[in-house]
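Structure file structure.pdb (PDB, C-alpha atoms) is printed below.
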```pdb
ATOM      1  CA  GLU A   1     -39.052  29.627  59.197
ATOM      2  CA  ARG A   2     -38.512  26.481  57.105
ATOM      3  CA  ILE A   3     -40.995  24.231  55.348
ATOM      4  CA  VAL A   4     -39.954  20.612  55.717
ATOM      5  CA  PRO A   5     -41.443  17.848  53.564
ATOM      6  CA  ALA A   6     -43.793  15.640  55.580
ATOM      7  CA  ASN A   7     -42.082  12.434  54.469
ATOM      8  CA  GLU A   8     -38.530  13.701  54.532
ATOM      9  CA  SER A   9     -37.113  10.387  55.763
ATOM     10  CA  ASP A  10     -39.045   8.464  53.095
ATOM     11  CA  SER A  11     -37.819  10.855  50.413
ATOM     12  CA  ALA A  12     -34.242  10.620  51.566
ATOM     13  CA  ASP A  13     -34.407   6.804  51.610
ATOM     14  CA  SER A  14     -35.760   6.705  48.066
ATOM     15  CA  SER A  15     -33.059   8.949  46.626
ATOM     16  CA  ASN A  16     -30.356   6.958  44.944
ATOM     17  CA  GLY A  17     -27.686   9.419  45.913
ATOM     18  CA  SER A  18     -28.315  11.739  42.992
ATOM     19  CA  THR A  19     -27.823  15.415  43.667
ATOM     20  CA  GLU A  20     -31.125  16.318  42.014
ATOM     21  CA  GLU A  21     -33.151  13.932  44.172
ATOM     22  CA  ALA A  22     -31.285  14.913  47.318
ATOM     23  CA  ASP A  23     -32.085  18.537  46.508
ATOM     24  CA  LEU A  24     -35.770  17.635  46.144
ATOM     25  CA  ALA A  25     -35.813  16.096  49.617
ATOM     26  CA  GLY A  26     -34.505  19.242  51.332
ATOM     27  CA  SER A  27     -36.409  21.838  53.291
ATOM     28  CA  TYR A  28     -37.446  25.196  51.898
ATOM     29  CA  SER A  29     -37.576  28.699  53.251
ATOM     30  CA  LEU A  30     -40.868  30.549  53.104
ATOM     31  CA  GLU A  31     -39.405  32.667  50.301
ATOM     32  CA  GLU A  32     -38.524  29.546  48.258
ATOM     33  CA  ALA A  33     -41.938  28.025  48.907
ATOM     34  CA  LEU A  34     -43.599  31.259  47.790
ATOM     35  CA  GLU A  35     -41.424  31.294  44.647
ATOM     36  CA  PHE A  36     -42.549  27.744  43.787
ATOM     37  CA  PHE A  37     -46.174  28.643  44.396
ATOM     38  CA  LEU A  38     -46.053  31.811  42.311
ATOM     39  CA  ALA A  39     -44.308  29.987  39.458
ATOM     40  CA  ALA A  40     -47.345  27.723  39.169
ATOM     41  CA  GLN A  41     -49.880  30.552  39.030
ATOM     42  CA  PRO A  42     -51.124  32.286  35.903
ATOM     43  CA  ASP A  43     -50.250  35.942  35.621
ATOM     44  CA  TYR A  44     -53.452  37.774  34.757
ATOM     45  CA  ASN A  45     -51.506  40.837  33.631
ATOM     46  CA  GLU A  46     -48.692  39.272  31.621
ATOM     47  CA  THR A  47     -50.077  36.109  30.020
ATOM     48  CA  PRO A  48     -49.904  36.661  26.262
ATOM     49  CA  SER A  49     -53.008  36.601  24.142
ATOM     50  CA  LEU A  50     -53.628  33.368  22.288
ATOM     51  CA  SER A  51     -55.241  35.076  19.305
ATOM     52  CA  THR A  52     -52.479  33.809  17.000
ATOM     53  CA  GLU A  53     -53.346  30.219  17.940
ATOM     54  CA  ARG A  54     -56.994  30.864  17.150
ATOM     55  CA  ARG A  55     -55.949  31.668  13.579
ATOM     56  CA  SER A  56     -53.755  28.552  13.243
ATOM     57  CA  GLY A  57     -56.266  26.686  11.089
ATOM     58  CA  HIS A  58     -57.032  23.912  13.563
ATOM     59  CA  ALA A  59     -60.704  23.128  13.927
ATOM     60  CA  ARG A  60     -62.236  24.676  17.010
ATOM     61  CA  HIS A  61     -65.192  23.333  18.914
ATOM     62  CA  GLY A  62     -64.896  19.920  17.293
ATOM     63  CA  GLY A  63     -67.488  18.138  19.405
ATOM     64  CA  HIS A  64     -65.415  16.462  22.157
ATOM     65  CA  ILE A  65     -67.229  18.430  24.864
ATOM     66  CA  LYS A  66     -67.031  17.620  28.577
ATOM     67  CA  TYR A  67     -68.020  19.275  31.826
ATOM     68  CA  LEU A  68     -64.809  19.573  33.855
ATOM     69  CA  TYR A  69     -63.815  21.191  37.141
ATOM     70  CA  HIS A  70     -61.157  23.637  38.293
ATOM     71  CA  GLN A  71     -60.611  24.766  41.884
ATOM     72  CA  THR A  72     -58.882  28.008  42.775
ATOM     73  CA  SER A  73     -58.882  30.667  45.467
ATOM     74  CA  THR A  74     -61.885  32.777  46.372
ATOM     75  CA  SER A  75     -60.034  35.827  45.041
ATOM     76  CA  ALA A  76     -59.004  34.312  41.680
ATOM     77  CA  GLY A  77     -62.335  32.546  40.989
ATOM     78  CA  PRO A  78     -64.453  35.659  40.305
ATOM     79  CA  GLN A  79     -61.652  37.034  38.091
ATOM     80  CA  ILE A  80     -61.716  33.846  36.022
ATOM     81  CA  LEU A  81     -65.493  33.996  35.671
ATOM     82  CA  ARG A  82     -65.300  37.666  34.595
ATOM     83  CA  HIS A  83     -62.242  37.565  32.311
ATOM     84  CA  GLY A  84     -61.736  33.907  31.433
ATOM     85  CA  PHE A  85     -58.981  31.452  32.199
ATOM     86  CA  ARG A  86     -55.338  32.305  31.686
ATOM     87  CA  ARG A  87     -52.691  29.724  31.040
ATOM     88  CA  GLY A  88     -50.538  28.804  34.045
ATOM     89  CA  HIS A  89     -46.749  28.578  33.780
ATOM     90  CA  ILE A  90     -45.921  25.162  35.268
ATOM     91  CA  GLY A  91     -47.431  21.720  35.574
ATOM     92  CA  TRP A  92     -47.066  18.041  34.738
ATOM     93  CA  CYS A  93     -47.755  18.930  31.081
ATOM     94  CA  GLY A  94     -46.182  22.387  31.159
ATOM     95  CA  GLY A  95     -48.017  25.696  31.202
ATOM     96  CA  GLY A  96     -51.737  25.356  30.644
ATOM     97  CA  ILE A  97     -55.191  25.271  32.163
ATOM     98  CA  TYR A  98     -55.805  22.074  34.117
ATOM     99  CA  PHE A  99     -59.174  20.464  34.834
ATOM    100  CA  ALA A 100     -60.255  17.561  37.047
ATOM    101  CA  LEU A 101     -62.973  15.119  36.018
ATOM    102  CA  SER A 102     -65.169  15.767  39.067
ATOM    103  CA  LYS A 103     -65.840  18.459  41.626
ATOM    104  CA  GLY A 104     -64.522  16.196  44.415
ATOM    105  CA  ALA A 105     -61.278  15.493  42.549
ATOM    106  CA  THR A 106     -60.364  19.182  42.618
ATOM    107  CA  TYR A 107     -59.625  18.930  46.341
ATOM    108  CA  HIS A 108     -56.585  16.737  45.748
ATOM    109  CA  LYS A 109     -55.729  18.201  42.356
ATOM    110  CA  ALA A 110     -55.559  21.862  43.458
ATOM    111  CA  VAL A 111     -52.426  21.465  45.554
ATOM    112  CA  GLY A 112     -49.309  23.488  46.113
ATOM    113  CA  VAL A 113     -47.692  25.636  48.744
ATOM    114  CA  ASP A 114     -51.000  27.502  49.064
ATOM    115  CA  SER A 115     -53.774  24.987  48.469
ATOM    116  CA  HIS A 116     -55.950  27.438  46.519
ATOM    117  CA  HIS A 117     -59.214  25.973  47.675
ATOM    118  CA  GLY A 118     -62.525  27.710  48.121
ATOM    119  CA  PHE A 119     -63.870  28.379  44.629
ATOM    120  CA  ILE A 120     -64.809  25.567  42.242
ATOM    121  CA  ILE A 121     -65.614  26.277  38.618
ATOM    122  CA  GLN A 122     -67.566  23.904  36.410
ATOM    123  CA  ALA A 123     -66.494  24.516  32.836
ATOM    124  CA  LYS A 124     -68.001  23.228  29.623
ATOM    125  CA  VAL A 125     -64.863  22.558  27.610
ATOM    126  CA  ASP A 126     -64.481  21.548  23.983
ATOM    127  CA  LEU A 127     -61.411  19.345  24.164
ATOM    128  CA  GLY A 128     -61.135  18.893  20.405
ATOM    129  CA  ARG A 129     -58.521  16.270  19.558
ATOM    130  CA  THR A 130     -56.894  14.918  22.723
ATOM    131  CA  LYS A 131     -53.322  13.655  23.089
ATOM    132  CA  TYR A 132     -53.037  10.888  25.722
ATOM    133  CA  MET A 133     -49.839  11.159  27.734
ATOM    134  CA  PRO A 134     -48.067   9.031  30.386
ATOM    135  CA  LYS A 135     -48.538   9.728  34.098
ATOM    136  CA  TYR A 136     -45.690  12.275  34.243
ATOM    137  CA  CYS A 137     -46.840  13.911  30.958
ATOM    138  CA  THR A 138     -44.007  16.160  29.678
ATOM    139  CA  SER A 139     -42.209  16.471  33.032
ATOM    140  CA  SER A 140     -39.225  14.383  34.040
ATOM    141  CA  PRO A 141     -40.163  10.817  35.059
ATOM    142  CA  LYS A 142     -38.020  11.481  38.169
ATOM    143  CA  CYS A 143     -40.723  13.888  39.362
ATOM    144  CA  TRP A 144     -43.460  11.301  39.390
ATOM    145  CA  GLY A 145     -44.421   9.889  42.767
ATOM    146  CA  LYS A 146     -42.910  12.748  44.750
ATOM    147  CA  PRO A 147     -45.029  15.090  46.866
ATOM    148  CA  VAL A 148     -45.856  18.335  45.055
ATOM    149  CA  HIS A 149     -43.612  20.405  47.324
ATOM    150  CA  GLN A 150     -40.690  18.266  46.097
ATOM    151  CA  ALA A 151     -41.750  17.659  42.500
ATOM    152  CA  ILE A 152     -42.307  21.357  41.813
ATOM    153  CA  ARG A 153     -38.591  21.793  41.148
ATOM    154  CA  CYS A 154     -38.666  19.425  38.189
ATOM    155  CA  LEU A 155     -42.167  19.928  36.753
ATOM    156  CA  ASP A 156     -42.335  21.175  33.173
ATOM    157  CA  ARG A 157     -42.139  24.984  33.079
ATOM    158  CA  SER A 158     -42.350  25.264  29.304
ATOM    159  CA  TYR A 159     -45.267  25.978  27.029
ATOM    160  CA  GLN A 160     -46.104  22.736  25.204
ATOM    161  CA  GLY A 161     -49.297  23.955  23.526
ATOM    162  CA  GLY A 162     -47.504  25.035  20.374
ATOM    163  CA  ARG A 163     -45.917  21.623  19.972
ATOM    164  CA  PHE A 164     -49.184  19.785  20.564
ATOM    165  CA  SER A 165     -51.124  22.185  18.321
ATOM    166  CA  SER A 166     -48.668  21.692  15.461
ATOM    167  CA  ASP A 167     -49.278  17.939  15.812
ATOM    168  CA  GLY A 168     -53.029  18.572  15.498
ATOM    169  CA  TYR A 169     -54.018  18.313  19.189
ATOM    170  CA  ASP A 170     -56.181  20.707  21.199
ATOM    171  CA  SER A 171     -55.903  19.128  24.659
ATOM    172  CA  VAL A 172     -53.925  16.636  26.712
ATOM    173  CA  TYR A 173     -55.183  13.876  29.007
ATOM    174  CA  PHE A 174     -53.003  12.210  31.638
ATOM    175  CA  ASN A 175     -53.403  10.486  34.987
ATOM    176  CA  PRO A 176     -50.634  11.285  37.473
ATOM    177  CA  GLY A 177     -51.853   8.505  39.766
ATOM    178  CA  ASP A 178     -54.645  10.318  41.589
ATOM    179  CA  GLY A 179     -57.213  10.442  38.794
ATOM    180  CA  GLY A 180     -57.397  11.743  35.261
ATOM    181  CA  GLU A 181     -56.880  15.356  34.235
ATOM    182  CA  TYR A 182     -57.310  17.336  31.055
ATOM    183  CA  MET A 183     -55.128  20.276  30.141
ATOM    184  CA  ILE A 184     -55.830  22.876  27.482
ATOM    185  CA  TRP A 185     -53.710  25.858  26.524
ATOM    186  CA  ASP A 186     -56.216  27.905  24.540
ATOM    187  CA  PRO A 187     -58.848  29.498  26.814
ATOM    188  CA  SER A 188     -61.239  29.878  23.871
ATOM    189  CA  ARG A 189     -61.903  26.128  24.195
ATOM    190  CA  VAL A 190     -63.915  26.924  27.330
ATOM    191  CA  ILE A 191     -67.482  27.291  26.060
ATOM    192  CA  SER A 192     -69.097  28.309  29.366
ATOM    193  CA  MET A 193     -68.419  28.214  33.091
ATOM    194  CA  LYS A 194     -70.087  28.750  36.438
ATOM    195  CA  ARG A 195     -69.299  28.508  40.119
ATOM    196  CA  VAL A 196     -70.485  25.257  41.733
TER     197      VAL A 196
END
```
What is this structure when it is put down as structure tokens?
Amino acid sequence: ERIVPANESDSADSSNGSTEEADLAGSYSLEEALEFFLAAQPDYNETPSLSTERRSGHARHGGHIKYLYHQTSTSAGPQILRHGFRRGHIGWCGGGIYFALSKGATYHKAVGVDSHHGFIIQAKVDLGRTKYMPKYCTSSPKCWGKPVHQAIRCLDRSYQGGRFSSDGYDSVYFNPGDGGEYMIWDPSRVISMKRV
């Protein structure tokens, strides 16, 4: 079985003949789609501890506190509430923990091969010093404007938190065109959370 992008003809028309963009407009097997989905998910067993970042000397809990929202699956949600957030491995701003500004925004922010809807977490997050980024954040500008199932091949898969931390930042804000988002990389910035 193949997964075909909904706007395949639109995507093909917008490609300027580049191999990368043509590749993004193709169809995917279920195995490829699953690989993309899993790449975007945090690994609760293998995500390294961020204790070294906590000792980096940057001020924690600096007063830029907001209530933000994160939607996930009904199986992952209770794990997050019990054990805390873990940094994901892929996203517009690289691996991190992403939050929407409202509960309703999570429905179009929590997207991917498997939509991961069903469990919304309200988190009280100390954002500290925030770096404001362009709409594509640290990903390739070629990704921007493409449906997630196409853009996933060129989204940032690196860990940018170290770079931002060394520049004195604790969080990132960007708006990919569907509303603002915050991203943190250190789960200790989450002060409290509850299911809503």
**Exercise: Leu155 (chain A) partners within 9 Å, all atoms listed in the file, chain neighbours under 2 positions left out, as a ChimeraX atom specification** = /A:90-94,136,138-140,143,151-153,157
Show me, as a compact mmCIF listing (two decimals) with C-alpha atoms, in the frame of the given file, the residues that have an atom within 10 Å of Thr72 (chain A) when counting all atoms listed in the file, minus same-chain residues fewer than 4 positions from it.
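Now in selection03.txt:
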```txt
# COMPACT_ATOMS: atom_id res chain seq x y z
CA ALA A 76 -59.00 34.31 41.68
CA GLY A 77 -62.34 32.55 40.99
CA PRO A 78 -64.45 35.66 40.30
CA ILE A 80 -61.72 33.85 36.02
CA THR A 106 -60.36 19.18 42.62
CA TYR A 107 -59.62 18.93 46.34
CA ALA A 110 -55.56 21.86 43.46
CA VAL A 111 -52.43 21.46 45.55
CA SER A 115 -53.77 24.99 48.47
CA HIS A 116 -55.95 27.44 46.52
CA HIS A 117 -59.21 25.97 47.68
CA GLY A 118 -62.52 27.71 48.12
CA PHE A 119 -63.87 28.38 44.63
CA ILE A 120 -64.81 25.57 42.24
CA ILE A 121 -65.61 26.28 38.62
```
**Complete:** A straight line from CA of Pro134 (chain A) to CA of Ser102 (chain A) spans 20.3 Å
**Item:** CA of Met133 (chain A) to CA of Gly96 (chain A), straight-line distance in Å
**Value:** 14.6 Å
**Message:** Evaluated on this file, the PyMOL selection byres ((chain A and resi 181) around 12) picks out some residues - which ones are they, written as a PyMOL selection string?
**Reply:** chain A and resi 66+68-70+91-93+96-102+105-106+108-110+127+130-137+171-180+182-184
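CA of Val196 (chain A) is found 11.8 Å from CA of Tyr67 (chain A).
In this comparison, which uses all atoms listed in the file, the residue of A:Cys154, A:Asp186, A:Ser165, A:Gln122 approaching Leu81 (chain A) most closely is A:Gln122.
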**Message:** Expand the PyMOL selection byres ((chain A and resi 161) around 8) into the explicit residue set it covers here, and present it as a VMD selection string.
**Reply:** chain A and resid 95 to 96 159 to 160 162 to 165 170 184 to 185
**Residue list as an NGL selection string for point (-55.5, 15.7, 15.7), cut-off 6 Å, only C-alpha atoms** = :A and (129 or 168-169)
**Fill in**
Of A:Gly128, A:Gln150, A:Arg195, A:Val190, the one nearest to Thr74 (chain A) when counting only C-alpha atoms is A:Arg195
Where atoms are lacking, region 154-165 of chain A completed to all heavy atoms, as a PDB file, in the coordinates of the input:
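So the final result, stored in part.pdb, reads:
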```pdb
ATOM      1  N   CYS A 154     -38.974  20.061  39.478  1.00  0.00           N
ATOM      2  CA  CYS A 154     -38.666  19.425  38.189  1.00  0.00           C
ATOM      3  C   CYS A 154     -39.885  19.302  37.277  1.00  0.00           C
ATOM      4  O   CYS A 154     -39.805  18.665  36.236  1.00  0.00           O
ATOM      5  CB  CYS A 154     -37.999  18.071  38.407  1.00  0.00           C
ATOM      6  SG  CYS A 154     -38.965  16.858  39.306  1.00  0.00           S
ATOM      7  N   LEU A 155     -41.008  19.919  37.650  1.00  0.00           N
ATOM      8  CA  LEU A 155     -42.167  19.928  36.753  1.00  0.00           C
ATOM      9  C   LEU A 155     -41.860  20.778  35.528  1.00  0.00           C
ATOM     10  O   LEU A 155     -41.042  21.702  35.571  1.00  0.00           O
ATOM     11  CB  LEU A 155     -43.400  20.477  37.468  1.00  0.00           C
ATOM     12  CG  LEU A 155     -43.998  19.590  38.549  1.00  0.00           C
ATOM     13  CD1 LEU A 155     -45.153  20.304  39.244  1.00  0.00           C
ATOM     14  CD2 LEU A 155     -44.460  18.259  37.997  1.00  0.00           C
ATOM     15  N   ASP A 156     -42.537  20.481  34.440  1.00  0.00           N
ATOM     16  CA  ASP A 156     -42.335  21.175  33.173  1.00  0.00           C
ATOM     17  C   ASP A 156     -42.774  22.635  33.298  1.00  0.00           C
ATOM     18  O   ASP A 156     -43.911  22.919  33.630  1.00  0.00           O
ATOM     19  CB  ASP A 156     -43.145  20.463  32.088  1.00  0.00           C
ATOM     20  CG  ASP A 156     -42.824  20.953  30.684  1.00  0.00           C
ATOM     21  OD1 ASP A 156     -42.193  22.020  30.550  1.00  0.00           O
ATOM     22  OD2 ASP A 156     -43.217  20.267  29.739  1.00  0.00           O
ATOM     23  N   ARG A 157     -41.853  23.546  33.029  1.00  0.00           N
ATOM     24  CA  ARG A 157     -42.139  24.984  33.079  1.00  0.00           C
ATOM     25  C   ARG A 157     -42.286  25.591  31.684  1.00  0.00           C
ATOM     26  O   ARG A 157     -42.395  26.788  31.530  1.00  0.00           O
ATOM     27  CB  ARG A 157     -41.035  25.721  33.832  1.00  0.00           C
ATOM     28  CG  ARG A 157     -40.974  25.342  35.286  1.00  0.00           C
ATOM     29  CD  ARG A 157     -39.745  25.978  35.962  1.00  0.00           C
ATOM     30  NE  ARG A 157     -39.655  25.523  37.325  1.00  0.00           N
ATOM     31  CZ  ARG A 157     -40.061  26.230  38.369  1.00  0.00           C
ATOM     32  NH1 ARG A 157     -40.573  27.419  38.192  1.00  0.00           N
ATOM     33  NH2 ARG A 157     -39.952  25.740  39.581  1.00  0.00           N
ATOM     34  N   SER A 158     -42.279  24.747  30.666  1.00  0.00           N
ATOM     35  CA  SER A 158     -42.350  25.264  29.304  1.00  0.00           C
ATOM     36  C   SER A 158     -43.792  25.293  28.802  1.00  0.00           C
ATOM     37  O   SER A 158     -44.691  24.740  29.425  1.00  0.00           O
ATOM     38  CB  SER A 158     -41.490  24.401  28.380  1.00  0.00           C
ATOM     39  OG  SER A 158     -42.033  23.089  28.294  1.00  0.00           O
ATOM     40  N   TYR A 159     -43.961  25.928  27.682  1.00  0.00           N
ATOM     41  CA  TYR A 159     -45.267  25.978  27.029  1.00  0.00           C
ATOM     42  C   TYR A 159     -45.270  24.905  25.946  1.00  0.00           C
ATOM     43  O   TYR A 159     -44.541  25.009  24.965  1.00  0.00           O
ATOM     44  CB  TYR A 159     -45.502  27.370  26.456  1.00  0.00           C
ATOM     45  CG  TYR A 159     -46.687  27.444  25.526  1.00  0.00           C
ATOM     46  CD1 TYR A 159     -47.962  27.123  25.979  1.00  0.00           C
ATOM     47  CD2 TYR A 159     -46.525  27.808  24.197  1.00  0.00           C
ATOM     48  CE1 TYR A 159     -49.046  27.180  25.133  1.00  0.00           C
ATOM     49  CE2 TYR A 159     -47.618  27.876  23.345  1.00  0.00           C
ATOM     50  CZ  TYR A 159     -48.866  27.550  23.831  1.00  0.00           C
ATOM     51  OH  TYR A 159     -49.949  27.603  22.991  1.00  0.00           O
ATOM     52  N   GLN A 160     -46.058  23.860  26.140  1.00  0.00           N
ATOM     53  CA  GLN A 160     -46.104  22.736  25.204  1.00  0.00           C
ATOM     54  C   GLN A 160     -47.237  22.862  24.192  1.00  0.00           C
ATOM     55  O   GLN A 160     -47.318  22.084  23.260  1.00  0.00           O
ATOM     56  CB  GLN A 160     -46.267  21.420  25.981  1.00  0.00           C
ATOM     57  CG  GLN A 160     -45.121  21.110  26.914  1.00  0.00           C
ATOM     58  CD  GLN A 160     -43.858  20.694  26.175  1.00  0.00           C
ATOM     59  OE1 GLN A 160     -43.886  20.311  25.014  1.00  0.00           O
ATOM     60  NE2 GLN A 160     -42.743  20.796  26.851  1.00  0.00           N
ATOM     61  N   GLY A 161     -48.134  23.823  24.400  1.00  0.00           N
ATOM     62  CA  GLY A 161     -49.297  23.955  23.526  1.00  0.00           C
ATOM     63  C   GLY A 161     -48.946  24.108  22.066  1.00  0.00           C
ATOM     64  O   GLY A 161     -49.606  23.535  21.191  1.00  0.00           O
ATOM     65  N   GLY A 162     -47.915  24.858  21.760  1.00  0.00           N
ATOM     66  CA  GLY A 162     -47.504  25.035  20.374  1.00  0.00           C
ATOM     67  C   GLY A 162     -47.099  23.726  19.734  1.00  0.00           C
ATOM     68  O   GLY A 162     -47.461  23.429  18.593  1.00  0.00           O
ATOM     69  N   ARG A 163     -46.356  22.925  20.474  1.00  0.00           N
ATOM     70  CA  ARG A 163     -45.917  21.623  19.972  1.00  0.00           C
ATOM     71  C   ARG A 163     -47.109  20.710  19.725  1.00  0.00           C
ATOM     72  O   ARG A 163     -47.229  20.079  18.679  1.00  0.00           O
ATOM     73  CB  ARG A 163     -44.952  20.976  20.963  1.00  0.00           C
ATOM     74  CG  ARG A 163     -44.420  19.631  20.491  1.00  0.00           C
ATOM     75  CD  ARG A 163     -43.593  18.968  21.553  1.00  0.00           C
ATOM     76  NE  ARG A 163     -44.460  17.950  22.157  1.00  0.00           N
ATOM     77  CZ  ARG A 163     -44.197  17.323  23.273  1.00  0.00           C
ATOM     78  NH1 ARG A 163     -43.147  17.639  23.963  1.00  0.00           N
ATOM     79  NH2 ARG A 163     -45.003  16.405  23.722  1.00  0.00           N
ATOM     80  N   PHE A 164     -48.014  20.637  20.713  1.00  0.00           N
ATOM     81  CA  PHE A 164     -49.184  19.785  20.564  1.00  0.00           C
ATOM     82  C   PHE A 164     -50.100  20.295  19.453  1.00  0.00           C
ATOM     83  O   PHE A 164     -50.638  19.523  18.679  1.00  0.00           O
ATOM     84  CB  PHE A 164     -49.958  19.680  21.878  1.00  0.00           C
ATOM     85  CG  PHE A 164     -49.234  18.911  22.948  1.00  0.00           C
ATOM     86  CD1 PHE A 164     -49.056  19.455  24.211  1.00  0.00           C
ATOM     87  CD2 PHE A 164     -48.751  17.641  22.718  1.00  0.00           C
ATOM     88  CE1 PHE A 164     -48.406  18.751  25.208  1.00  0.00           C
ATOM     89  CE2 PHE A 164     -48.096  16.915  23.705  1.00  0.00           C
ATOM     90  CZ  PHE A 164     -47.926  17.473  24.956  1.00  0.00           C
ATOM     91  N   SER A 165     -50.279  21.609  19.371  1.00  0.00           N
ATOM     92  CA  SER A 165     -51.124  22.185  18.321  1.00  0.00           C
ATOM     93  C   SER A 165     -50.571  21.858  16.942  1.00  0.00           C
ATOM     94  O   SER A 165     -51.331  21.513  16.028  1.00  0.00           O
ATOM     95  CB  SER A 165     -51.218  23.706  18.467  1.00  0.00           C
ATOM     96  OG  SER A 165     -52.004  24.044  19.576  1.00  0.00           O
TER      97      SER A 165
END
```
